[in-house]
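Colleague: The file below is structure.tsv, TSV, C-alpha atoms and all ligand atoms:
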```tsv
chain	number	residue	atom	x	y	z
J	1490	MET	CA	83.31	-50.70	-146.96
J	1491	THR	CA	85.98	-48.38	-148.33
J	1492	ASN	CA	86.62	-50.42	-151.45
J	1493	ASN	CA	86.11	-50.32	-155.18
J	1494	THR	CA	82.83	-52.19	-155.27
J	1495	ALA	CA	80.49	-50.45	-152.82
J	1496	ARG	CA	77.63	-48.36	-154.17
J	1497	CYS	CA	76.47	-45.27	-152.34
J	1498	LEU	CA	73.19	-43.38	-152.62
J	1499	ILE	CA	73.37	-39.67	-151.79
J	1500	THR	CA	70.07	-37.87	-151.37
J	1501	GLY	CA	70.50	-34.15	-151.98
J	1502	GLY	CA	73.51	-35.01	-154.14
J	1503	ASN	CA	73.13	-31.83	-156.15
J	1504	GLY	CA	73.71	-29.61	-153.10
J	1505	PHE	CA	76.82	-28.07	-151.58
J	1506	GLN	CA	77.78	-31.02	-149.42
J	1507	GLY	CA	76.42	-33.49	-151.99
J	1508	TYR	CA	78.88	-32.19	-154.56
J	1509	HIS	CA	81.87	-32.59	-152.25
J	1510	LEU	CA	80.74	-35.98	-151.00
J	1511	THR	CA	80.24	-37.27	-154.54
J	1512	LYS	CA	83.76	-36.15	-155.42
J	1513	SER	CA	85.28	-37.74	-152.30
J	1514	LEU	CA	83.48	-41.06	-152.79
J	1515	LEU	CA	84.34	-41.26	-156.50
J	1516	THR	CA	88.00	-40.63	-155.65
J	1517	LEU	CA	87.89	-43.57	-153.25
J	1518	GLY	CA	86.42	-45.82	-155.93
J	1519	TYR	CA	82.78	-45.94	-154.86
J	1520	SER	CA	79.96	-46.01	-157.37
J	1521	VAL	CA	77.71	-43.07	-156.67
J	1522	ARG	CA	74.00	-42.67	-157.27
J	1523	CYS	CA	72.46	-39.25	-156.58
J	1524	LEU	CA	68.84	-38.54	-155.89
J	1525	ASP	CA	67.87	-34.88	-156.01
J	1526	ARG	CA	65.00	-32.69	-157.11
J	1527	TYR	CA	67.39	-30.96	-159.51
J	1528	LYS	CA	69.89	-32.35	-161.96
J	1529	PRO	CA	73.47	-31.38	-161.17
J	1530	GLY	CA	75.10	-28.85	-163.46
J	1531	TRP	CA	78.62	-29.82	-162.42
J	1532	LYS	CA	81.11	-31.82	-164.48
J	1533	LEU	CA	81.10	-34.83	-162.14
J	1534	GLN	CA	77.61	-35.67	-163.32
J	1535	GLU	CA	78.92	-37.89	-166.13
J	1536	LYS	CA	80.38	-40.18	-163.49
J	1537	VAL	CA	77.29	-40.60	-161.34
J	1538	GLU	CA	73.96	-42.28	-161.82
J	1539	PHE	CA	71.35	-39.58	-161.33
J	1540	ILE	CA	67.73	-39.98	-160.28
J	1541	GLU	CA	65.62	-36.84	-160.48
J	1542	GLY	CA	62.86	-36.57	-157.91
J	1543	ASP	CA	61.74	-36.32	-154.32
J	1544	PHE	CA	63.26	-38.53	-151.63
J	1545	SER	CA	59.88	-38.97	-149.98
J	1546	ALA	CA	58.36	-40.63	-153.07
J	1547	THR	CA	58.13	-44.29	-152.04
J	1548	HIS	CA	58.24	-45.76	-155.56
J	1549	LEU	CA	61.32	-43.67	-156.41
J	1550	ILE	CA	63.21	-44.37	-153.22
J	1551	ALA	CA	62.84	-48.14	-153.52
J	1552	ASP	CA	64.50	-48.01	-156.95
J	1553	ALA	CA	67.11	-45.53	-155.75
J	1554	ILE	CA	68.15	-47.72	-152.82
J	1555	LYS	CA	68.20	-50.96	-154.80
J	1556	GLY	CA	71.74	-52.34	-154.97
J	1557	CYS	CA	73.20	-49.70	-152.62
J	1558	ASP	CA	75.43	-50.65	-149.67
J	1559	LEU	CA	75.55	-47.22	-148.16
J	1560	ILE	CA	73.22	-44.22	-147.90
J	1561	PHE	CA	74.09	-40.62	-147.07
J	1562	HIS	CA	70.81	-38.84	-146.48
J	1563	LEU	CA	71.56	-35.15	-147.13
J	1564	ALA	CA	68.33	-33.91	-148.68
J	1565	CYS	CA	66.24	-31.66	-146.49
J	1566	THR	CA	63.22	-29.66	-147.59
J	1567	THR	CA	63.50	-26.81	-145.08
J	1568	LEU	CA	65.92	-24.33	-143.49
J	1569	PRO	CA	66.18	-23.25	-139.85
J	1570	GLN	CA	65.30	-19.68	-140.85
J	1571	THR	CA	61.98	-20.54	-142.49
J	1572	SER	CA	60.86	-23.81	-140.91
J	1573	ASN	CA	58.73	-22.13	-138.22
J	1574	GLU	CA	56.52	-20.66	-140.95
J	1575	ASP	CA	55.18	-24.11	-141.89
J	1576	PRO	CA	55.97	-26.87	-139.36
J	1577	ASP	CA	53.33	-29.09	-140.99
J	1578	PHE	CA	55.31	-29.15	-144.25
J	1579	ASP	CA	58.62	-29.51	-142.36
J	1580	VAL	CA	57.44	-32.60	-140.50
J	1581	SER	CA	55.44	-34.22	-143.28
J	1582	SER	CA	58.12	-33.87	-145.93
J	1583	ASN	CA	61.23	-34.59	-143.87
J	1584	VAL	CA	60.11	-36.98	-141.14
J	1585	LEU	CA	57.69	-39.10	-143.17
J	1586	GLY	CA	60.01	-39.09	-146.17
J	1587	THR	CA	62.92	-40.32	-144.06
J	1588	ILE	CA	60.83	-43.04	-142.39
J	1589	ARG	CA	59.94	-44.31	-145.87
J	1590	MET	CA	63.64	-44.35	-146.73
J	1591	LEU	CA	64.47	-46.25	-143.53
J	1592	ASN	CA	61.83	-48.87	-144.36
J	1593	GLU	CA	63.26	-49.36	-147.84
J	1594	ALA	CA	66.81	-49.47	-146.46
J	1595	VAL	CA	65.85	-52.31	-144.11
J	1596	LYS	CA	64.19	-54.24	-146.97
J	1597	ALA	CA	67.24	-53.74	-149.19
J	1598	ASN	CA	69.65	-54.81	-146.43
J	1599	VAL	CA	71.64	-51.58	-146.61
J	1600	LYS	CA	74.89	-51.80	-144.62
J	1601	ARG	CA	75.20	-48.19	-143.46
J	1602	PHE	CA	72.69	-45.32	-143.21
J	1603	ILE	CA	74.11	-41.89	-142.36
J	1604	PHE	CA	71.86	-38.91	-141.77
J	1605	ILE	CA	73.01	-35.28	-141.70
J	1606	SER	CA	71.43	-33.64	-138.68
J	1607	SER	CA	72.20	-30.20	-137.30
J	1608	GLY	CA	74.55	-29.40	-134.42
J	1609	GLY	CA	73.51	-25.76	-134.59
J	1610	THR	CA	69.81	-26.31	-133.93
J	1611	VAL	CA	69.08	-29.57	-132.05
J	1612	TYR	CA	70.46	-28.34	-128.72
J	1613	GLY	CA	68.74	-24.95	-128.51
J	1614	ILE	CA	70.27	-22.39	-126.11
J	1615	PRO	CA	73.32	-24.13	-124.64
J	1616	SER	CA	73.86	-24.41	-120.90
J	1617	VAL	CA	77.46	-25.49	-121.41
J	1618	ILE	CA	80.14	-24.65	-124.01
J	1619	PRO	CA	81.40	-26.55	-125.92
J	1620	ILE	CA	78.20	-28.59	-126.35
J	1621	PRO	CA	78.55	-32.36	-125.93
J	1622	GLU	CA	76.19	-34.89	-127.55
J	1623	ASN	CA	74.45	-35.59	-124.20
J	1624	HIS	CA	73.48	-31.92	-123.73
J	1625	PRO	CA	69.67	-31.38	-123.37
J	1626	THR	CA	67.90	-30.85	-126.68
J	1627	ASN	CA	65.42	-27.97	-126.84
J	1628	PRO	CA	65.41	-26.64	-130.41
J	1629	THR	CA	64.14	-23.12	-131.03
J	1630	CYS	CA	62.97	-23.93	-134.57
J	1631	SER	CA	60.90	-26.59	-136.27
J	1632	TYR	CA	63.90	-27.61	-138.41
J	1633	GLY	CA	65.78	-28.60	-135.21
J	1634	ILE	CA	62.80	-30.56	-133.89
J	1635	THR	CA	62.49	-32.36	-137.21
J	1636	LYS	CA	66.20	-33.23	-137.29
J	1637	LEU	CA	65.94	-34.50	-133.71
J	1638	THR	CA	62.88	-36.59	-134.52
J	1639	ILE	CA	64.64	-38.19	-137.48
J	1640	GLU	CA	67.66	-38.96	-135.26
J	1641	LYS	CA	65.28	-40.83	-132.90
J	1642	TYR	CA	63.93	-42.91	-135.80
J	1643	LEU	CA	67.47	-43.79	-136.84
J	1644	ARG	CA	68.08	-45.02	-133.28
J	1645	LEU	CA	64.80	-46.96	-133.37
J	1646	TYR	CA	65.61	-48.67	-136.66
J	1647	PHE	CA	69.02	-49.61	-135.30
J	1648	GLN	CA	67.38	-51.18	-132.24
J	1649	MET	CA	64.45	-52.80	-134.07
J	1650	HIS	CA	66.07	-53.94	-137.29
J	1651	GLY	CA	69.82	-53.71	-136.72
J	1652	LEU	CA	70.07	-51.07	-139.47
J	1653	ASN	CA	73.55	-49.59	-139.05
J	1654	THR	CA	72.55	-45.96	-138.60
J	1655	CYS	CA	74.33	-42.82	-137.44
J	1656	SER	CA	73.31	-39.15	-137.29
J	1657	ILE	CA	75.88	-36.41	-137.80
J	1658	ARG	CA	75.21	-33.26	-135.81
J	1659	LEU	CA	76.98	-30.94	-138.19
J	1660	SER	CA	77.86	-27.36	-137.25
J	1661	ASN	CA	78.19	-24.69	-140.00
J	1662	PRO	CA	79.96	-26.00	-143.10
J	1663	TYR	CA	81.36	-23.55	-145.63
J	1664	GLY	CA	83.70	-23.50	-148.61
J	1665	GLU	CA	83.81	-23.81	-152.38
J	1666	TYR	CA	80.55	-24.53	-154.22
J	1667	GLN	CA	78.34	-23.27	-151.40
J	1668	ARG	CA	75.48	-21.19	-152.76
J	1669	VAL	CA	76.03	-17.47	-152.24
J	1670	ASP	CA	72.37	-16.52	-152.59
J	1671	SER	CA	70.99	-18.82	-149.88
J	1672	ILE	CA	69.93	-17.64	-146.44
J	1673	GLN	CA	71.91	-20.57	-145.02
J	1674	GLY	CA	75.70	-20.31	-145.16
J	1675	VAL	CA	76.82	-16.88	-143.97
J	1676	ILE	CA	80.50	-17.20	-144.90
J	1677	ALA	CA	79.78	-17.83	-148.58
J	1678	ALA	CA	77.17	-15.07	-148.65
J	1679	PHE	CA	79.37	-12.54	-146.79
J	1680	CYS	CA	82.44	-13.28	-148.95
J	1681	HIS	CA	80.39	-12.86	-152.12
J	1682	LYS	CA	78.87	-9.60	-150.93
J	1683	ALA	CA	82.26	-8.23	-149.89
J	1684	ILE	CA	83.81	-9.11	-153.26
J	1685	THR	CA	80.91	-7.62	-155.22
J	1686	GLY	CA	80.58	-4.53	-153.03
J	1687	GLN	CA	77.11	-5.29	-151.68
J	1688	GLN	CA	75.73	-4.53	-148.24
J	1689	ILE	CA	75.80	-7.32	-145.65
J	1690	ASN	CA	72.70	-7.84	-143.56
J	1691	ILE	CA	73.25	-9.08	-140.00
J	1692	TRP	CA	70.37	-10.03	-137.74
J	1693	GLY	CA	71.04	-8.77	-134.21
J	1694	ASP	CA	74.25	-7.07	-133.12
J	1695	GLY	CA	76.58	-9.55	-134.86
J	1696	ARG	CA	77.89	-10.98	-131.59
J	1697	VAL	CA	76.23	-14.40	-132.02
J	1698	LYS	CA	78.95	-17.01	-132.30
J	1699	ARG	CA	78.94	-19.98	-134.63
J	1700	ASP	CA	81.13	-23.04	-135.08
J	1701	PHE	CA	82.30	-22.87	-138.70
J	1702	ILE	CA	83.88	-25.92	-140.32
J	1703	TYR	CA	85.61	-26.02	-143.67
J	1704	ILE	CA	84.12	-28.45	-146.18
J	1705	SER	CA	87.21	-30.67	-146.63
J	1706	ASP	CA	87.24	-31.33	-142.86
J	1707	VAL	CA	83.54	-32.23	-143.06
J	1708	MET	CA	84.23	-34.67	-145.88
J	1709	ASP	CA	87.12	-36.31	-143.99
J	1710	ALA	CA	84.73	-36.95	-141.11
J	1711	PHE	CA	81.93	-38.25	-143.38
J	1712	ILE	CA	84.31	-40.72	-145.02
J	1713	LYS	CA	85.78	-41.91	-141.73
J	1714	LEU	CA	82.30	-42.45	-140.36
J	1715	ILE	CA	81.45	-45.00	-143.05
J	1716	ASP	CA	83.48	-47.73	-141.36
J	1717	ALA	CA	83.68	-46.34	-137.82
J	1718	PRO	CA	82.18	-48.30	-134.92
J	1719	VAL	CA	79.55	-45.63	-134.25
J	1720	SER	CA	76.01	-46.94	-134.62
J	1721	GLY	CA	72.53	-46.04	-133.40
J	1722	CYS	CA	73.71	-42.71	-132.01
J	1723	GLU	CA	74.60	-39.11	-132.83
J	1724	ILE	CA	78.02	-37.56	-133.34
J	1725	ASN	CA	79.02	-33.88	-133.32
J	1726	ILE	CA	81.07	-32.72	-136.29
J	1727	GLY	CA	82.36	-29.16	-136.07
J	1728	SER	CA	85.56	-27.22	-135.64
J	1729	GLY	CA	85.20	-27.18	-131.86
J	1730	SER	CA	85.60	-23.40	-131.71
J	1731	ALA	CA	83.37	-20.42	-132.46
J	1732	LEU	CA	83.67	-16.95	-133.95
J	1733	SER	CA	81.13	-14.13	-133.96
J	1734	LEU	CA	79.59	-12.83	-137.19
J	1735	ASN	CA	81.34	-9.49	-136.57
J	1736	GLU	CA	84.69	-11.29	-136.34
J	1737	ILE	CA	83.96	-13.12	-139.59
J	1738	VAL	CA	83.08	-9.90	-141.42
J	1739	GLY	CA	86.16	-8.21	-139.94
J	1740	TYR	CA	88.41	-10.94	-141.28
J	1741	ILE	CA	86.73	-10.86	-144.72
J	1742	GLU	CA	87.37	-7.10	-144.83
J	1743	GLN	CA	91.01	-7.72	-144.00
J	1744	VAL	CA	91.45	-10.36	-146.74
J	1745	THR	CA	89.54	-8.54	-149.45
J	1746	GLY	CA	90.95	-5.13	-148.46
J	1747	LYS	CA	87.43	-3.70	-148.67
J	1748	ASN	CA	85.30	-2.08	-146.00
J	1749	VAL	CA	81.95	-3.78	-146.01
J	1750	ASP	CA	78.72	-1.87	-145.52
J	1751	ARG	CA	76.91	-3.64	-142.65
J	1752	ASN	CA	73.21	-3.37	-141.97
J	1753	TYR	CA	72.19	-4.58	-138.50
J	1754	SER	CA	68.54	-5.56	-138.21
J	1755	LYS	CA	66.33	-6.96	-135.44
J	1756	ALA	CA	67.59	-10.20	-133.87
J	1757	ARG	CA	65.65	-13.35	-134.77
J	1758	ALA	CA	64.02	-15.29	-131.93
J	1759	PHE	CA	65.35	-18.67	-133.08
J	1760	ASP	CA	69.02	-17.59	-133.28
J	1761	VAL	CA	70.84	-19.06	-130.28
J	1762	PRO	CA	73.58	-16.77	-128.86
J	1763	ILE	CA	76.34	-19.30	-129.32
J	1764	SER	CA	76.89	-22.67	-130.93
J	1765	GLU	CA	80.22	-24.40	-130.36
J	1766	LEU	CA	80.36	-28.17	-130.51
J	1767	ASP	CA	82.35	-30.52	-128.31
J	1768	ILE	CA	84.02	-32.81	-130.82
J	1769	SER	CA	85.83	-35.17	-128.42
J	1770	PHE	CA	83.59	-38.12	-129.33
J	1771	ALA	CA	84.41	-37.68	-133.03
J	1772	ARG	CA	88.12	-37.27	-132.26
J	1773	GLU	CA	88.12	-40.53	-130.31
J	1774	LYS	CA	85.90	-42.67	-132.54
J	1775	LEU	CA	86.99	-41.40	-135.96
J	1776	GLN	CA	90.61	-40.59	-135.19
J	1777	TRP	CA	89.70	-37.34	-136.87
J	1778	GLU	CA	90.76	-33.77	-136.36
J	1779	PRO	CA	89.68	-30.66	-138.28
J	1780	LYS	CA	92.76	-29.33	-140.09
J	1781	ILE	CA	91.73	-26.04	-141.71
J	1782	SER	CA	91.40	-22.94	-139.53
J	1783	VAL	CA	88.49	-20.64	-140.27
J	1784	TYR	CA	91.00	-18.04	-141.54
J	1785	ASP	CA	92.55	-20.48	-144.04
J	1786	GLY	CA	89.08	-21.63	-145.01
J	1787	ILE	CA	87.88	-18.09	-145.72
J	1788	ASP	CA	91.07	-17.41	-147.74
J	1789	ARG	CA	90.38	-20.50	-149.86
J	1790	THR	CA	86.71	-19.62	-150.32
J	1791	ILE	CA	87.53	-16.09	-151.46
J	1792	LYS	CA	90.25	-17.35	-153.79
J	1793	TRP	CA	87.76	-19.77	-155.36
J	1794	MET	CA	85.11	-17.07	-155.77
J	1795	LYS	CA	87.61	-14.74	-157.41
J	1796	SER	CA	88.65	-17.52	-159.80
J	1797	LEU	CA	85.06	-17.58	-161.10
J	1798	GLU	CA	85.05	-13.88	-161.98
O	1	LIG	N1	74.58	-25.85	-144.85
O	1	LIG	C1	74.50	-25.82	-143.52
O	1	LIG	O1	74.80	-24.78	-142.89
O	1	LIG	C2	74.07	-27.07	-142.75
O	1	LIG	C3	74.37	-27.18	-141.38
O	1	LIG	C4	74.00	-28.36	-140.71
O	1	LIG	C5	73.29	-29.34	-141.37
O	1	LIG	N2	72.98	-29.18	-142.70
O	1	LIG	C6	72.26	-30.25	-143.37
O	1	LIG	O2	73.14	-30.82	-144.33
O	1	LIG	C7	72.37	-31.37	-145.40
O	1	LIG	C8	72.94	-30.94	-146.75
O	1	LIG	O3	72.87	-29.54	-146.85
O	1	LIG	P1	73.66	-28.67	-147.93
O	1	LIG	O4	74.48	-27.71	-147.14
O	1	LIG	O5	74.33	-29.54	-148.92
O	1	LIG	O6	72.42	-27.89	-148.56
O	1	LIG	P2	72.02	-27.62	-150.09
O	1	LIG	O7	70.79	-26.79	-150.05
O	1	LIG	O8	73.19	-27.13	-150.85
O	1	LIG	O9	71.65	-29.07	-150.64
O	1	LIG	C9	70.45	-29.74	-150.36
O	1	LIG	C10	70.05	-30.52	-151.60
O	1	LIG	O10	68.88	-31.30	-151.26
O	1	LIG	C11	68.00	-31.24	-152.37
O	1	LIG	N3	66.64	-31.51	-151.90
O	1	LIG	C12	65.89	-30.75	-151.07
O	1	LIG	N4	64.70	-31.33	-150.86
O	1	LIG	C13	64.68	-32.48	-151.59
O	1	LIG	C14	63.73	-33.50	-151.79
O	1	LIG	N5	62.52	-33.45	-151.21
O	1	LIG	N6	64.06	-34.56	-152.58
O	1	LIG	C15	65.28	-34.61	-153.19
O	1	LIG	N7	66.22	-33.65	-153.05
O	1	LIG	C16	65.92	-32.60	-152.25
O	1	LIG	C17	68.16	-29.84	-152.95
O	1	LIG	O11	67.73	-29.79	-154.30
O	1	LIG	C18	69.66	-29.63	-152.77
O	1	LIG	O12	70.37	-30.02	-153.94
O	1	LIG	C19	70.93	-30.93	-145.17
O	1	LIG	O13	70.22	-32.00	-144.56
O	1	LIG	C20	71.06	-29.80	-144.18
O	1	LIG	O14	69.90	-29.68	-143.36
O	1	LIG	C21	73.37	-28.07	-143.41
```
Starting from the file, lay out its structure as C-alpha cells.
Ligand SMILES: NC(=O)c1ccc[n+]([C@@H]2O[C@H](COP(=O)([O-])OP(=O)(O)OC[C@H]3O[C@@H](n4cnc5c(N)ncnc54)[C@H](O)[C@@H]3O)[C@@H](O)[C@H]2O)c1

Modeller:
Amino acid sequence: MTNNTARCLITGGNGFQGYHLTKSLLTLGYSVRCLDRYKPGWKLQEKVEFIEGDFSATHLIADAIKGCDLIFHLACTTLPQTSNEDPDFDVSSNVLGTIRMLNEAVKANVKRFIFISSGGTVYGIPSVIPIPENHPTNPTCSYGITKLTIEKYLRLYFQMHGLNTCSIRLSNPYGEYQRVDSIQGVIAAFCHKAITGQQINIWGDGRVKRDFIYISDVMDAFIKLIDAPVSGCEINIGSGSALSLNEIVGYIEQVTGKNVDRNYSKARAFDVPISELDISFAREKLQWEPKISVYDGIDRTIKWMKSLE
C-alpha cells in the first residue's frame, strides 16, 4: 500500500503522534485525512484534508472513512492517570466509538485498520521482564481495560469480516511536538520544567522504570506495519529497555547543566513498578529496530525545545 495513491485516515491527527504520522505519510506520497476534535495549528495542515469532530459520531465517521484505504486510529478520550475516575465515560466513548468505526470500515472495504493500544497498561504488573505479547493482561486502570477491549474487537472483526486489523501495544513515546503541559509524557514535561527552572513532581520514589521510545522509531514501526503480514493480533512497539524516572531526571540535569528541584509525592496505585516490552515479534515481522537511544532522544528533544525559546 506504500504508494502514491493510497488515502489514509488518522483519528487524533492533531495530537503528538498524529502530527508525526501525518508528516511521515505525506513524505511517502499518501493522501492524508485527519479527524480530530481540534483543528491543527501546524503548517502541515494545508496539505491534509481536515474533519473537525468526534470519532464516535457515526454520521461523521462514515464520511471520514469514505474513500480511505487505510486507517490509523489514534484518538483516545482518556488517559491512564484519570480513567479510573470515570470508567463509564472511558468505555462509552472509546469502546463504542471504535466499534462504530470498525463497522464503517467493513462497509467501506478498508484495507488496513491499525489501532494504537498501550504496552504500558494492558499487561498490569509484569511477572516477566521484558514483557512479551502473550503475557497475562491484568490492567490496573480503566484505560488499560478499554485498550484491551478494543484490541479484542479488532481481533473479532478480523475473524468475522476479514478486516485487516492490528493493534500496536506502544510503550512511552516522546520527542518533538509532544505537549509539555500534559500529565502523559514525562520526558517532555521534565525537559520543559528543567529548562524553565520549574519543580518536577514525581509520584513515588522515582524508581519506577519505563520503556521510552523516541518518536522517529515509533513512526518507522507504524509505517512498516502498514504492509507487514501481521493481522488480527497485537504487536509490542517499544525500545526494549527501561530507565527509572530518577535516571531520566539525572540525565536531563546533566544535559541542561541545571539541578532540578524534585518533589516526591505519594505513589499512585495504578503505576506498575516496571514496564519494559519484549520487541522480538516486531523485530522479526517488521524487520525493524529502534535506532535512537534514550540519551540521544532526550538531547534532540531538549535541542528542539530550546529552538522554540
Ligand atoms: N503518549 C503516550 O505516552 C502513549 C503511550 C501509549 C499509547 N498512546 C496512545 O497513542 C494514541 C495517540 O496519543 P498521542 O500521544 O498522540 O496523544 P495526544 O493527546 O497528543 O493526541 C490525541 C489526539 O486525539 C484527539 N482526540 C481525543 N479524543 C477525540 C475524539 N473523541 N474525537 C476526535 N479526536 C479526539 C485529541 O484532540 C488529540 O489531538 C492514543 O490512543 C494514546 O492512548 C499514547

Colleague: Hey, which residues sit close to ligand LIG 1 (chain O)? Say within 6 Å, counting all atoms listed in the file, and write them as a VMD selection string.

Modeller: chain J and resid 1500 to 1507 1524 to 1527 1542 to 1544 1563 to 1566 1605 to 1607 1659 to 1662 1673 to 1674

Colleague: With distances taken over all atoms listed in the file, which residue among J:Ser1520, J:Leu1585, J:Ser1764, J:Val1580 lies nearest Gly1556 in chain J?

Modeller: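 Using all atoms listed in the file, Gly1556 in chain J sits closest to J:Ser1520.
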
Colleague: Kindly indicate which residue among J:Ser1581, J:Asp1558, J:Gly1727, J:Met1794 lies nearest to Ala1678 in chain J, using all atoms listed in the file for the distances.

Modeller: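 Distance minimum relative to Ala1678 in chain J lands on J:Met1794.
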
Colleague: If I take CA of Tyr1646 in chain J and CA of Glu1593 in chain J, how far is one from the other in Å, to one decimal?

Modeller: 11.4 Å

Colleague: Interatomic distance between CA of Asn1627 in chain J and CA of Thr1610 in chain J?

Modeller: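 Value for the CA of Asn1627 in chain J-CA of Thr1610 in chain J distance: 8.5 Å.
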
Colleague: Kindly indicate which residue among J:Val1617, J:Leu1559, J:Ile1715, J:Ile1781 lies nearest to Tyr1663 in chain J, using all atoms listed in the file for the distances.

Modeller: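 Ranked by minimum distance to Tyr1663 in chain J, first place goes to J:Ile1781.
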
Colleague: Would you compute the distance between CA of Lys1682 in chain J and CA of Arg1696 in chain J? Give it in Å to one decimal.

Modeller: 19.4 Å

Colleague: My list of candidates is J:His1562, J:Arg1789, J:Arg1699, J:His1681. Which is closest to Cys1655 in chain J when distances are computed with all atoms listed in the file?

Modeller: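 Result for the nearest residue to Cys1655 in chain J: J:His1562.
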
Colleague: How would you write as a ChimeraX atom specification the residues that get within 12 Å of (82.7, -12.6, -145.5) in the file's frame, counting only C-alpha atoms?

Modeller: /J:1663-1664,1669,1674-1691,1733-1751,1783-1784,1786-1791,1794

Colleague: Looking at all atoms listed in the file, which of J:Ser1572, J:Ala1731, J:Lys1755, J:Gly1633 is the one that sits closest to Val1697 in chain J?

Modeller: J:Ala1731

Colleague: How big is the axis-aligned box, and where does its centre sit, when it encloses all atoms of range 1786-1792 of chain J listed in the file and has 8 Å added on every side, reported in Å to one decimal as AutoDock Vina command-line options?

Modeller:
```
--center_x 88.9 --center_y -18.9 --center_z -149.4 --size_x 20.4 --size_y 21.5 --size_z 24.8
```

Colleague: Between J:Phe1770, J:Phe1578, J:Tyr1753, J:Phe1759, single out the one closest to Ile1657 in chain J, counting all atoms listed in the file.

Modeller: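 Result for the nearest residue to Ile1657 in chain J: J:Phe1770.
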
Colleague: Would you fill out range 1568-1579 of chain J with N, CA, C and O atoms and return it as a PDB file, keeping the file's coordinate frame?

Modeller:
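New file out-v2.pdb:
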```pdb
ATOM      1  N   LEU J1568      64.761 -25.014-144.076  1.00  0.00           N
ATOM      2  CA  LEU J1568      65.920 -24.330-143.490  1.00  0.00           C
ATOM      3  C   LEU J1568      65.521 -23.867-142.093  1.00  0.00           C
ATOM      4  O   LEU J1568      64.344 -23.603-141.834  1.00  0.00           O
ATOM      5  N   PRO J1569      66.508 -23.713-141.199  1.00  0.00           N
ATOM      6  CA  PRO J1569      66.180 -23.250-139.850  1.00  0.00           C
ATOM      7  C   PRO J1569      65.396 -21.926-139.897  1.00  0.00           C
ATOM      8  O   PRO J1569      64.431 -21.733-139.170  1.00  0.00           O
ATOM      9  N   GLN J1570      65.840 -21.044-140.792  1.00  0.00           N
ATOM     10  CA  GLN J1570      65.300 -19.680-140.850  1.00  0.00           C
ATOM     11  C   GLN J1570      63.827 -19.637-141.224  1.00  0.00           C
ATOM     12  O   GLN J1570      63.129 -18.701-140.878  1.00  0.00           O
ATOM     13  N   THR J1571      63.356 -20.606-141.989  1.00  0.00           N
ATOM     14  CA  THR J1571      61.980 -20.540-142.490  1.00  0.00           C
ATOM     15  C   THR J1571      61.071 -21.649-141.968  1.00  0.00           C
ATOM     16  O   THR J1571      59.863 -21.611-142.194  1.00  0.00           O
ATOM     17  N   SER J1572      61.643 -22.617-141.275  1.00  0.00           N
ATOM     18  CA  SER J1572      60.860 -23.810-140.910  1.00  0.00           C
ATOM     19  C   SER J1572      59.687 -23.496-139.982  1.00  0.00           C
ATOM     20  O   SER J1572      58.666 -24.189-140.021  1.00  0.00           O
ATOM     21  N   ASN J1573      59.825 -22.445-139.152  1.00  0.00           N
ATOM     22  CA  ASN J1573      58.730 -22.130-138.220  1.00  0.00           C
ATOM     23  C   ASN J1573      57.486 -21.600-138.934  1.00  0.00           C
ATOM     24  O   ASN J1573      56.402 -21.573-138.375  1.00  0.00           O
ATOM     25  N   GLU J1574      57.666 -21.186-140.204  1.00  0.00           N
ATOM     26  CA  GLU J1574      56.520 -20.660-140.950  1.00  0.00           C
ATOM     27  C   GLU J1574      55.548 -21.780-141.335  1.00  0.00           C
ATOM     28  O   GLU J1574      54.365 -21.544-141.518  1.00  0.00           O
ATOM     29  N   ASP J1575      56.054 -23.006-141.471  1.00  0.00           N
ATOM     30  CA  ASP J1575      55.180 -24.110-141.890  1.00  0.00           C
ATOM     31  C   ASP J1575      55.683 -25.441-141.314  1.00  0.00           C
ATOM     32  O   ASP J1575      56.186 -26.303-142.034  1.00  0.00           O
ATOM     33  N   PRO J1576      55.514 -25.629-139.981  1.00  0.00           N
ATOM     34  CA  PRO J1576      55.970 -26.870-139.360  1.00  0.00           C
ATOM     35  C   PRO J1576      55.300 -28.112-139.940  1.00  0.00           C
ATOM     36  O   PRO J1576      55.906 -29.192-139.992  1.00  0.00           O
ATOM     37  N   ASP J1577      54.056 -27.950-140.396  1.00  0.00           N
ATOM     38  CA  ASP J1577      53.330 -29.090-140.990  1.00  0.00           C
ATOM     39  C   ASP J1577      54.125 -29.639-142.183  1.00  0.00           C
ATOM     40  O   ASP J1577      54.398 -30.844-142.279  1.00  0.00           O
ATOM     41  N   PHE J1578      54.533 -28.728-143.074  1.00  0.00           N
ATOM     42  CA  PHE J1578      55.310 -29.150-144.250  1.00  0.00           C
ATOM     43  C   PHE J1578      56.660 -29.721-143.817  1.00  0.00           C
ATOM     44  O   PHE J1578      57.117 -30.735-144.335  1.00  0.00           O
ATOM     45  N   ASP J1579      57.298 -29.074-142.839  1.00  0.00           N
ATOM     46  CA  ASP J1579      58.620 -29.510-142.360  1.00  0.00           C
ATOM     47  C   ASP J1579      58.543 -30.976-141.903  1.00  0.00           C
ATOM     48  O   ASP J1579      59.339 -31.827-142.316  1.00  0.00           O
TER      49      ASP J1579
END
```
